[in-house]
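To keep things clear, I will list the structure first and then write my remarks on it.
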Amino acid sequence: MWWRDAVIYHVYVRSFADSNDDGVGDIPGVIAHLDHLEWLGVDGIWLSPVMPSPNADWGYDVADYCAVDPVLGTLDDFDRLVYEAGRRGIRVLNDLVPNHTSDQHPWFVDARTSRDAEHRNWYVWADPAPGGGEPNNWVSNFMGAAWTLDDSTGQYYLHNFLREQPDLNWWEPKVASSFDEILRFWFDRGVAGFRIDVCHAIVKDRGLRDNPPASETDDTITRIRGQRQVYNAHRPELHDVLRRWRTIARDYDPERLLVGETFFGDIELLPSFHGDDDEVHLAFNIAFIFHRFDAGLADVVDTIERIYPGHSWPCWVGSSHDVSRFATRWCGGDERKIRLALVMLLTLRGTPFLYYGDEIGMVDRPFERNEVKDPVGVKFHPAAGRDPERTPMQWTAAQGAGFTSPRAEPWLPFGDLARANVEDQRGDRSSVLHLCRDLIALRRAEGLATRPYERLDTPPGVWAYRRGEGCIVALNFSDAHATLPHVDGRIAISPNRDRDGQPVGGELSLGPWDGAVVES
């Protein structure tokens with residue numbers, strides 16, 4: 001399967017490249033930069049939602065699943081993207097948002113007209129509790145009650161995110177059949193697959209039972225919510241939905257890919273989303289993303305290697321549109337650590353996802369309250385918000401950053417253009433960009449995606465692993481020098497590139513926050 005060997009690149013379309021100088025990235029802008037992605041060596045791109053949206057949650061409140069938002073382009077533009085990407089050996093994944101729609105989607109507009117409306121049962125409605133108020137204790141993922149009273153019909157509707165994002169009722173067969181057609185619509189246009197938003201929470205408890213409170217032993221995400229999502233997520237019936245979609249994908253082409261956004265901290269639940277090789281192909285590992293950047297990451301990888309059955313395949317993500325960039329969250333902007341993180345991500349067994357800008361070490365940009373556009377940031381600034389990791393791609397250091405016209409106002413302000421941009425790093429063979437490109441090339445040439453993984457004994461603060469018979473990766477997550485015995489060969493890639501090609505004869509020395517890929 002192509003995706004087992006692939007590196008997939010996440011394009012947040014609004015922030016990637018603006019083709020018409022309105023300050024908003026768009027599909028023609030993505031097309032204009034496909035040569036960069038081909039040069040980098042990625043095999044697939046995952047697009048953030050391009051469907052029409054009023055943008056209460058910046059595309060994740062979909063108002064039409066079978067069209068393109070006019071701000072981002074047209075269906076013809078989308079078709080041209082699939083074609084032009086394919087010419088370069090790059091496949092295109094769409095973002096599918098099946099948990100909820102926009103409150104402006106025609107289905108919901110109709111649903112709230114009366115209790116007898118055609119689409120009423122397409123959403124989750126409930127009467128007020130016997131004493132008044134919300135039907136149960138469910139908390140929105142954006143905090144606060146997950147219910148809003150619809151005054152005109154006297155019932156509450158469920159929204160596990162914003163009130164502008166009403167949850168669909170997956171107990172209604174017409175919802176399932178409608179999404180069958182949505183998948184087919186995009187498969188017919190040539191998409192290679194879908195990243196499935198909120199994959200773990202599509203189906204809700206039919207009885208709408210209260211969630212139990214969180215405990216001190218629960219993961220951080222659960223403790224922040226204050227309750228365990230037992231009844232508004234992780235329902236067993238959601239696996240029926242995933243199996244249904246896997247059948248549709250397989251009927252089109254066994255190579256079609258389904259990626260689950262499994263946004264929860266319990267790593268032991270991940271195998272269930274692969275099913276008996278009949279659900280998603282890849283499932284995001286949130287425990288890995290939120291782990292400290294230290295040698296303890298090896299324990300997360302060990303757990304995956306232990307619990308995944310043979311048909312399951314790991315994937316590794318460091319940054320995303322919902323999570324602070326790894327260059328900031330893990331590395332604090334320290335370029336030594338950024339380089340080490342790229343070596344790690346691109347040499348593990350499995351499929352890595354890069355977020356746009358990861359290849360140049362883009363960091364988060366701090367936001368003042370008056371700059372914030374993300375609804376999470378509006379509510380929780382400065383404690384939380386997703387704008388810092390969504391700033392425009394830094395193509396150049398010039399005004400407009402190569403993202404838009406120097407005269408245009410970008411939809412979000414730029415980060416530090418002088419610190420990291422594609423143009424400057426493209427001309428510097430020792431840059432983070434060239435390190436990323438060379439790691440991708442080495443990964444492909446040496447088959448690192450699929451070689452067996454074996455953790456090696458190391459000094460404290462060091463993580464080392466063997467990839468098959470001929471490759472050892474060593475990573476020093478400490479401020480001290482370290483030595484790894486019993487290593488022979490040649491350094492294929494070192495994070496700073498200053499040791500590339502050096503022989504290793506029995507002992508590998510590593511400086512602070514240093515690493516090496518050694519071929520025997």
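Lettering and numbering for the structure tokens are positional, with chains as A, B, ... in the shown order, residues counted from 1 in each chain, and ligands counted from 1 in the shown order.
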**Q.** Spatial neighbours of Val24 (chain A), 7 Å, only C-alpha atoms, chain gap at least 2 places, as a ChimeraX atom specification
**A.** /A:14-15,18,22,26,410-411
Q | Residues near region 144-161 of chain A, cut-off 9 Å, only C-alpha atoms, skip fewer than 4 positions along chain, as a count of residues only | A | 25
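The shell of residues at most 7 Å from Thr404 (chain A), with only C-alpha atoms counted and near chain neighbours (fewer than 6 positions) removed, consists of Ala17, Asp18, Asp21 and Gly23 of chain A.
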Selection above as a file: N, CA, C and O atoms, as a compact mmCIF listing (two decimals), in the first residue's frame:
# COMPACT_ATOMS: atom_id res chain seq x y z
N ALA A 17 -1.01 29.39 0.61
CA ALA A 17 -0.61 30.30 -0.45
C ALA A 17 -1.85 30.96 -1.04
O ALA A 17 -2.83 30.28 -1.36
N ASP A 18 -1.80 32.27 -1.21
CA ASP A 18 -2.92 33.08 -1.70
C ASP A 18 -2.66 33.44 -3.16
O ASP A 18 -1.69 34.14 -3.47
N ASP A 21 -4.60 37.47 -4.04
CA ASP A 21 -4.27 38.67 -3.26
C ASP A 21 -5.40 39.17 -2.38
O ASP A 21 -5.53 40.37 -2.12
N GLY A 23 -5.59 37.80 0.67
CA GLY A 23 -5.06 37.53 2.01
C GLY A 23 -5.41 36.16 2.55
O GLY A 23 -5.02 35.83 3.67
Q. Any idea what the distance is between CA of His291 (chain A) and CA of Asn496 (chain A)?
A. 24.2 Å
Q: May I ask for the distance between CA of Leu442 (chain A) and CA of Gly41 (chain A), given in Å to one decimal place?
A: 10.5 Å
Q. Neighbours of Leu354 (chain A) within 10 Å (only C-alpha atoms; same-chain residues fewer than 4 positions away dropped), as a PyMOL selection string?
A. chain A and resi 7-11+42+45-46+316-320+342+345-346+358-359+436
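For the atom pair formed by CA of Asn121 (chain A) and CA of Trp107 (chain A), the distance is 10.1 Å, given to one decimal.
The smallest atom-to-atom distance between Leu258 (chain A) and any of A:Leu96, A:Leu238, A:Val301, A:Ala449, using only C-alpha atoms, is found for A:Leu96.
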Excluding region 453-458 of chain A and its own-chain neighbours fewer than 4 positions away, which residues fall within 9 Å of it when counting only C-alpha atoms? Please give them as a short mmCIF file (atom, residue, chain, number, x, y, z; two decimals) with N, CA and C atoms, in the first residue's frame.
data_model
loop_
_atom_site.label_atom_id
_atom_site.label_comp_id
_atom_site.auth_asym_id
_atom_site.auth_seq_id
_atom_site.Cartn_x
_atom_site.Cartn_y
_atom_site.Cartn_z
N ALA A 298 10.22 6.99 23.60
CA ALA A 298 10.47 5.59 23.23
C ALA A 298 9.42 4.66 23.83
N ASP A 302 7.25 1.94 21.95
CA ASP A 302 7.25 0.55 22.41
C ASP A 302 5.84 0.02 22.62
N GLU A 305 4.30 -0.72 19.28
CA GLU A 305 4.89 -1.94 18.73
C GLU A 305 4.34 -3.18 19.44
N LEU A 348 11.06 6.59 12.11
CA LEU A 348 10.30 5.56 12.82
C LEU A 348 9.57 4.65 11.83
N ARG A 349 9.24 3.46 12.28
CA ARG A 349 8.42 2.55 11.47
C ARG A 349 7.00 3.09 11.46
N VAL A 462 19.09 8.97 26.32
CA VAL A 462 19.33 8.62 24.92
C VAL A 462 18.30 7.57 24.49
N TRP A 463 17.82 7.73 23.28
CA TRP A 463 16.92 6.75 22.67
C TRP A 463 17.58 6.31 21.37
N ALA A 464 17.76 5.03 21.22
CA ALA A 464 18.34 4.49 19.99
C ALA A 464 17.53 3.28 19.55
N TYR A 465 17.45 3.10 18.26
CA TYR A 465 16.70 1.96 17.73
C TYR A 465 17.32 1.50 16.42
N ARG A 466 17.21 0.19 16.22
CA ARG A 466 17.68 -0.42 14.99
C ARG A 466 16.51 -0.53 14.02
N ARG A 467 16.75 -0.17 12.76
CA ARG A 467 15.74 -0.32 11.72
C ARG A 467 16.23 -1.37 10.73
N GLY A 468 15.76 -2.60 10.93
CA GLY A 468 16.24 -3.69 10.12
C GLY A 468 17.67 -4.05 10.46
N THR A 483 27.58 8.55 24.91
CA THR A 483 28.30 7.60 24.07
C THR A 483 27.48 6.32 23.96
N LEU A 484 27.35 5.85 22.74
CA LEU A 484 26.60 4.62 22.48
C LEU A 484 27.56 3.57 21.97
N PRO A 485 27.73 2.47 22.72
CA PRO A 485 28.69 1.44 22.29
C PRO A 485 28.10 0.53 21.21
#
Q: Run DSSP on the backbone and grab whatever in region 334-515 of chain A lands in strand (DSSP E); send it over as a PyMOL selection string.
A: chain A and resi 351-355+453-455+462-467+471-476+482-493+503-510+515
Q: Run DSSP on the backbone of this structure and report the residues of region 217-422 of chain A it assigns to alpha helix (DSSP H), as a ChimeraX atom specification.
A: /A:220-225,238-252,286-290,297-307,326-329,335-345,375-380,422
Q) Which polymer residues have any atom within 7 Å of an atom of Phe403 (chain A), counting only C-alpha atoms, with same-chain residues fewer than 4 positions away left out, as JSON, numbers by chain? A) {"A": [16, 17, 18, 392, 393, 394, 395]}
May I have a table of the residues of region 410-461 of chain A lying at most 8 Å from region 362-368 of chain A, giving each one's closest pair of atoms and their distance in Å to one decimal, counting only C-alpha atoms, ordered by chain and ascending residue number, as a Markdown table?
| residue | atom | partner | partner_atom | distance |
| --- | --- | --- | --- | --- |
| A:Phe414 | CA | A:Arg365 | CA | 7.7 |
| A:Gly415 | CA | A:Arg365 | CA | 5.3 |
| A:Asp416 | CA | A:Arg365 | CA | 7.6 |
| A:Ala420 | CA | A:Met362 | CA | 6.2 |
